[in-house]
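So this one's final-v7.cif, mmCIF, C-alpha atoms:
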```
data_entry
loop_
_atom_site.label_atom_id
_atom_site.label_comp_id
_atom_site.auth_asym_id
_atom_site.auth_seq_id
_atom_site.Cartn_x
_atom_site.Cartn_y
_atom_site.Cartn_z
CA MET R 41 130.72 62.63 149.69
CA ALA R 42 131.07 63.87 146.13
CA SER R 43 133.49 62.00 143.90
CA LYS R 44 135.87 63.65 141.46
CA SER R 45 134.95 63.22 137.81
CA LEU R 46 137.25 60.98 135.77
CA HIS R 47 136.78 63.31 132.81
CA TYR R 48 138.93 66.44 132.58
CA GLN R 49 137.13 69.72 131.86
CA GLY R 50 139.45 72.19 130.15
CA ASN R 51 139.73 75.86 130.98
CA HIS R 52 138.50 76.78 127.44
CA THR R 53 141.14 79.46 126.90
CA PHE R 54 142.62 80.25 123.51
CA SER R 55 145.04 82.75 122.01
CA LYS R 56 144.75 84.87 118.89
CA THR R 57 147.47 84.31 116.31
CA GLU R 58 148.31 86.27 113.18
CA LYS R 59 145.99 84.11 111.05
CA GLY R 60 143.56 82.61 113.54
CA TYR R 61 143.65 80.96 116.95
CA ILE R 62 145.67 78.41 118.93
CA ILE R 63 144.29 76.22 121.69
CA TYR R 64 146.56 74.27 124.04
CA PRO R 65 145.61 70.95 125.70
CA LYS R 66 144.92 72.54 129.10
CA ALA R 67 141.88 74.15 127.42
CA LEU R 68 140.45 70.86 126.09
CA ASN R 69 137.90 68.43 127.51
CA ILE R 70 139.49 64.97 127.74
CA VAL R 71 137.45 61.86 128.47
CA TRP R 72 139.28 59.85 131.20
CA GLY R 73 141.67 62.81 131.52
CA ASN R 74 141.51 62.97 135.33
CA ASP R 75 142.65 59.36 135.68
CA GLN R 76 146.47 59.15 135.82
CA ARG R 77 146.35 55.56 134.53
CA PHE R 78 145.17 56.93 131.18
CA TRP R 79 146.48 60.49 130.68
CA LYS R 80 149.34 62.73 131.78
CA LEU R 81 147.77 66.18 131.78
CA PRO R 82 149.75 69.36 131.12
CA LYS R 83 151.14 71.16 134.14
CA TYR R 84 151.63 74.47 132.35
CA GLU R 85 149.46 76.18 129.75
CA LYS R 86 151.59 75.37 126.69
CA ASP R 87 152.56 71.81 127.72
CA GLY R 88 151.22 68.86 125.77
CA ALA R 89 148.76 66.23 126.99
CA GLU R 90 150.14 62.67 126.85
CA LEU R 91 147.91 59.67 126.32
CA ILE R 92 149.17 56.72 128.36
CA GLN R 93 146.44 54.29 127.29
CA VAL R 94 142.72 54.30 126.54
CA ASN R 95 140.29 52.34 124.45
CA TRP R 96 138.01 55.38 124.10
CA LEU R 97 139.73 58.50 122.74
CA GLU R 98 137.61 61.62 122.94
CA VAL R 99 139.19 65.08 123.13
CA THR R 100 136.97 68.09 122.45
CA GLY R 101 136.93 71.86 122.70
CA CYS R 102 135.43 75.03 121.31
CA ILE R 103 136.15 78.65 120.62
CA ASP R 104 133.42 81.08 121.59
CA ASN R 105 132.91 84.69 122.58
CA ILE R 106 134.92 85.92 119.63
CA ASN R 107 133.95 88.08 116.71
CA ILE R 108 133.94 85.53 113.92
CA ALA R 109 131.02 87.03 112.01
CA LYS R 110 133.29 88.46 109.29
CA LYS R 111 135.11 85.17 108.67
CA THR R 112 133.34 82.34 106.91
CA SER R 113 135.95 79.54 106.79
CA TYR R 114 138.68 78.07 109.00
CA ASP R 115 141.07 75.14 108.72
CA VAL R 116 141.12 73.17 111.98
CA GLY R 117 144.20 71.03 112.63
CA PHE R 118 145.56 69.13 115.60
CA THR R 119 149.32 69.28 116.18
CA VAL R 120 150.11 65.84 117.58
CA SER R 121 152.96 63.34 117.70
CA LEU R 122 153.35 59.64 118.34
CA MET R 123 155.96 58.82 120.95
CA THR R 124 158.48 56.02 120.38
CA ASP R 125 156.48 53.67 122.62
CA ALA R 126 153.16 54.36 120.85
CA PHE R 127 150.90 51.33 120.35
CA GLY R 128 147.48 50.38 119.02
CA TRP R 129 147.29 52.89 116.17
CA SER R 130 147.83 50.62 113.15
CA ASP R 131 144.14 49.67 112.96
CA SER R 132 142.82 52.73 114.76
CA PRO R 133 142.43 55.78 112.55
CA VAL R 134 141.34 58.90 114.40
CA TYR R 135 138.60 61.21 113.29
CA LEU R 136 138.75 65.00 113.33
CA MET R 137 135.46 66.81 113.75
CA ALA R 138 134.58 70.48 113.35
CA LYS R 139 131.15 72.04 113.82
CA TRP R 140 130.03 75.62 113.21
CA GLY R 141 126.31 76.29 113.43
CA ASP R 142 124.50 73.53 111.55
CA ASN R 143 127.60 72.59 109.50
CA THR R 144 129.52 69.54 110.77
CA GLN R 145 132.56 68.06 109.02
CA TRP R 146 134.47 64.82 109.74
CA ARG R 147 137.85 63.64 108.47
CA LYS R 148 139.66 60.35 108.97
CA VAL R 149 143.41 60.54 109.77
CA ASN R 150 145.88 57.63 109.96
CA LEU R 151 148.49 58.53 112.58
CA THR R 152 150.80 55.59 111.83
CA SER R 153 151.69 57.08 108.46
CA GLU R 154 153.80 59.62 110.39
CA ILE R 155 157.30 59.02 111.81
CA ASN R 156 157.45 58.34 115.58
CA GLY R 157 158.61 61.21 117.77
CA LYS R 158 158.10 63.92 115.15
CA LYS R 159 155.59 66.70 115.55
CA MET R 160 153.10 66.84 112.78
CA ILE R 161 149.99 68.76 111.96
CA SER R 162 147.29 66.28 111.09
CA LYS R 163 145.37 66.73 107.92
CA THR R 164 143.28 69.78 108.50
CA ILE R 165 139.54 69.87 108.26
CA MET R 166 137.90 72.91 106.72
CA ILE R 167 134.77 74.30 108.34
CA THR R 168 132.54 76.99 106.91
CA LYS R 169 130.02 79.01 108.84
CA GLY R 170 126.65 77.33 109.03
CA LYS R 171 123.23 78.61 110.00
CA GLY R 172 121.09 78.03 113.06
CA ASN R 173 122.14 77.96 116.70
CA ASN R 174 125.67 78.45 118.01
CA VAL R 175 127.07 80.32 115.01
CA ASP R 176 129.21 82.22 117.53
CA LYS R 177 131.07 79.00 118.49
CA ILE R 178 133.32 76.63 116.59
CA TYR R 179 133.46 73.13 118.11
CA PHE R 180 136.20 70.60 117.33
CA GLY R 181 137.22 67.15 118.44
CA LEU R 182 139.57 64.21 118.03
CA TYR R 183 137.97 60.77 118.33
CA GLU R 184 138.67 57.04 118.16
CA VAL R 185 135.81 55.36 119.97
CA TRP R 186 134.72 52.67 117.54
CA ASN R 187 137.18 49.76 117.55
CA LYS R 188 137.61 49.47 121.38
CA LYS R 189 141.32 48.57 121.06
CA TRP R 190 143.78 49.90 123.62
CA LYS R 191 146.05 52.59 122.24
CA GLY R 192 148.66 54.88 123.76
CA GLY R 193 151.70 57.04 123.13
CA LEU R 194 149.89 59.99 121.55
CA LYS R 195 150.87 63.53 122.54
CA ILE R 196 148.58 66.46 121.77
CA HIS R 197 150.50 69.72 121.42
CA SER R 198 147.85 72.19 120.20
CA ILE R 199 144.84 72.81 118.02
CA ASN R 200 145.14 75.49 115.37
CA LEU R 201 142.30 77.36 113.66
CA THR R 202 143.56 79.19 110.59
CA GLU R 203 141.47 81.71 108.70
CA ILE R 204 140.94 80.88 105.05
#
```
Before anything else, please render the file you have as structure tokens.
Amino acid sequence: MASKSLHYQGNHTFSKTEKGYIIYPKALNIVWGNDQRFWKLPKYEKDGAELIQVNWLEVTGCIDNINIAKKTSYDVGFTVSLMTDAFGWSDSPVYLMAKWGDNTQWRKVNLTSEINGKKMISKTIMITKGKGNNVDKIYFGLYEVWNKKWKGGLKIHSINLTEI
């Protein structure tokens, strides 16, 4: 008998906006996302994903099959909020990652510097087109996998890629 994976595989859909693209949580890959002890997954396409508790935060996605050859730079930002019962973030900065071809960028973000319950767009990370394989895809991720502390109360609303 095959067992269901504990990791959620997103549907990888995205929408074009006036200045780029928007990706909702249903499209993202979420480690431990299929375990209801750890995540409340979105029911509808534009709903947020709510982190209940994990000690390994890894949320990733990509945009592919689009004509991005003419553009050379994008800002990648996660729209997230901390709920009033959020915990474990004071010593747990998250890291944004963006990869395009052979160019990979990382940025550290401290979520506790934001006010609980408010939506915010995290500091964006700029990615420029690299060379090599996969120049037709932009990968991105949100990580906190290093300190092994339990954390919860994070809500992911969307990921935004904005043309520069």
Could you state which residues are captured by the PyMOL selection byres ((chain R and resi 194-203) around 8) in this file, as a VMD selection string?
chain R and resid 59 to 65 86 to 92 111 113 to 123 126 192 to 193 204
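Here CA of Phe54 in chain R is placed at a distance of 16.2 Å from CA of Ala138 in chain R.
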Per residue of range 67-109 of chain R within 6 Å of range 161-180 of chain R, which atom pair is closest and at what distance in Å (one decimal), using all atoms listed in the file, listed by chain and increasing number, as a Markdown table?
```
| residue | atom | partner | partner_atom | distance |
| --- | --- | --- | --- | --- |
| R:Thr100 | CA | R:Phe180 | CA | 5.8 |
| R:Gly101 | CA | R:Phe180 | CA | 5.6 |
| R:Cys102 | CA | R:Tyr179 | CA | 4.2 |
| R:Ile103 | CA | R:Ile178 | CA | 5.3 |
| R:Asp104 | CA | R:Lys177 | CA | 4.4 |
```
Evaluate the PyMOL selection byres ((chain R and resi 128) around 8) and report residues as a PDB file with C-alpha atoms, keeping the file's coordinate frame:
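Printed below is part_31.pdb as written:
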```pdb
ATOM      1  CA  ALA R 126     153.160  54.360 120.850  1.00  0.00           C
ATOM      2  CA  PHE R 127     150.900  51.330 120.350  1.00  0.00           C
ATOM      3  CA  TRP R 129     147.290  52.890 116.170  1.00  0.00           C
ATOM      4  CA  SER R 130     147.830  50.620 113.150  1.00  0.00           C
ATOM      5  CA  ASP R 131     144.140  49.670 112.960  1.00  0.00           C
ATOM      6  CA  SER R 132     142.820  52.730 114.760  1.00  0.00           C
ATOM      7  CA  LYS R 189     141.320  48.570 121.060  1.00  0.00           C
ATOM      8  CA  TRP R 190     143.780  49.900 123.620  1.00  0.00           C
ATOM      9  CA  LYS R 191     146.050  52.590 122.240  1.00  0.00           C
ATOM     10  CA  GLY R 192     148.660  54.880 123.760  1.00  0.00           C
TER      11      GLY R 192
END
```
Matched chain/residue IDs from the PyMOL selection byres ((chain R and resi 74) around 6), as a PyMOL selection string:
chain R and resi 46-48+72-73+75
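CA of Thr152 in chain R is positioned 8.4 Å from CA of Pro133 in chain R.
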Work out how far CA of His52 in chain R is from CA of Val99 in chain R, in Å to one decimal.
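Calculated distance between CA of Val99 in chain R and CA of His52 in chain R is 12.5 Å.
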If I put a ball of radius 6 Å at (140.2, 63.0, 113.6) in the file's coordinates, which residues poke into it when counting only C-alpha atoms, written as a ChimeraX atom specification?
/R:134-136,147-149,182-183
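Using all atoms listed in the file, the set of residues no farther than 6 Å from the position (139.7, 55.2, 123.8) comprises Val94, Asn95, Trp96, Leu97 and Val185 of chain R.
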My structure is short of atoms at range 92-105 of chain R; please model N, CA, C and O atoms there, returning them as a PDB file, in the frame of the given file.
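Final file, part05.pdb:
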```
ATOM      1  N   ILE R  92     148.472  57.914 127.904  1.00  0.00           N
ATOM      2  CA  ILE R  92     149.170  56.720 128.360  1.00  0.00           C
ATOM      3  C   ILE R  92     148.514  55.497 127.732  1.00  0.00           C
ATOM      4  O   ILE R  92     149.160  54.714 127.048  1.00  0.00           O
ATOM      5  N   GLN R  93     147.191  55.354 127.950  1.00  0.00           N
ATOM      6  CA  GLN R  93     146.440  54.290 127.290  1.00  0.00           C
ATOM      7  C   GLN R  93     144.951  54.498 127.506  1.00  0.00           C
ATOM      8  O   GLN R  93     144.518  54.888 128.586  1.00  0.00           O
ATOM      9  N   VAL R  94     144.186  54.286 126.464  1.00  0.00           N
ATOM     10  CA  VAL R  94     142.720  54.300 126.540  1.00  0.00           C
ATOM     11  C   VAL R  94     142.195  53.381 125.438  1.00  0.00           C
ATOM     12  O   VAL R  94     142.902  53.067 124.489  1.00  0.00           O
ATOM     13  N   ASN R  95     140.955  52.990 125.581  1.00  0.00           N
ATOM     14  CA  ASN R  95     140.290  52.340 124.450  1.00  0.00           C
ATOM     15  C   ASN R  95     139.128  53.194 123.963  1.00  0.00           C
ATOM     16  O   ASN R  95     138.359  52.778 123.118  1.00  0.00           O
ATOM     17  N   TRP R  96     139.021  54.409 124.510  1.00  0.00           N
ATOM     18  CA  TRP R  96     138.010  55.380 124.100  1.00  0.00           C
ATOM     19  C   TRP R  96     138.688  56.738 124.076  1.00  0.00           C
ATOM     20  O   TRP R  96     138.884  57.367 125.115  1.00  0.00           O
ATOM     21  N   LEU R  97     139.069  57.209 122.885  1.00  0.00           N
ATOM     22  CA  LEU R  97     139.730  58.500 122.740  1.00  0.00           C
ATOM     23  C   LEU R  97     138.708  59.547 122.340  1.00  0.00           C
ATOM     24  O   LEU R  97     138.088  59.445 121.277  1.00  0.00           O
ATOM     25  N   GLU R  98     138.535  60.531 123.223  1.00  0.00           N
ATOM     26  CA  GLU R  98     137.610  61.620 122.940  1.00  0.00           C
ATOM     27  C   GLU R  98     138.167  62.893 123.569  1.00  0.00           C
ATOM     28  O   GLU R  98     138.222  63.037 124.785  1.00  0.00           O
ATOM     29  N   VAL R  99     138.613  63.804 122.707  1.00  0.00           N
ATOM     30  CA  VAL R  99     139.190  65.080 123.130  1.00  0.00           C
ATOM     31  C   VAL R  99     138.444  66.164 122.368  1.00  0.00           C
ATOM     32  O   VAL R  99     138.427  66.152 121.132  1.00  0.00           O
ATOM     33  N   THR R 100     137.812  67.091 123.091  1.00  0.00           N
ATOM     34  CA  THR R 100     136.970  68.090 122.450  1.00  0.00           C
ATOM     35  C   THR R 100     137.249  69.486 123.003  1.00  0.00           C
ATOM     36  O   THR R 100     137.833  69.638 124.076  1.00  0.00           O
ATOM     37  N   GLY R 101     136.808  70.484 122.257  1.00  0.00           N
ATOM     38  CA  GLY R 101     136.930  71.860 122.700  1.00  0.00           C
ATOM     39  C   GLY R 101     136.096  72.769 121.820  1.00  0.00           C
ATOM     40  O   GLY R 101     135.444  72.314 120.874  1.00  0.00           O
ATOM     41  N   CYS R 102     136.130  74.056 122.139  1.00  0.00           N
ATOM     42  CA  CYS R 102     135.430  75.030 121.310  1.00  0.00           C
ATOM     43  C   CYS R 102     136.049  76.400 121.502  1.00  0.00           C
ATOM     44  O   CYS R 102     136.762  76.649 122.472  1.00  0.00           O
ATOM     45  N   ILE R 103     135.795  77.236 120.539  1.00  0.00           N
ATOM     46  CA  ILE R 103     136.150  78.650 120.620  1.00  0.00           C
ATOM     47  C   ILE R 103     134.830  79.397 120.592  1.00  0.00           C
ATOM     48  O   ILE R 103     133.992  79.169 119.715  1.00  0.00           O
ATOM     49  N   ASP R 104     134.642  80.273 121.572  1.00  0.00           N
ATOM     50  CA  ASP R 104     133.420  81.080 121.590  1.00  0.00           C
ATOM     51  C   ASP R 104     133.757  82.484 122.073  1.00  0.00           C
ATOM     52  O   ASP R 104     134.909  82.801 122.357  1.00  0.00           O
ATOM     53  N   ASN R 105     132.751  83.310 122.123  1.00  0.00           N
ATOM     54  CA  ASN R 105     132.910  84.690 122.580  1.00  0.00           C
ATOM     55  C   ASN R 105     133.949  85.464 121.773  1.00  0.00           C
ATOM     56  O   ASN R 105     134.702  86.257 122.311  1.00  0.00           O
TER      57      ASN R 105
END
```
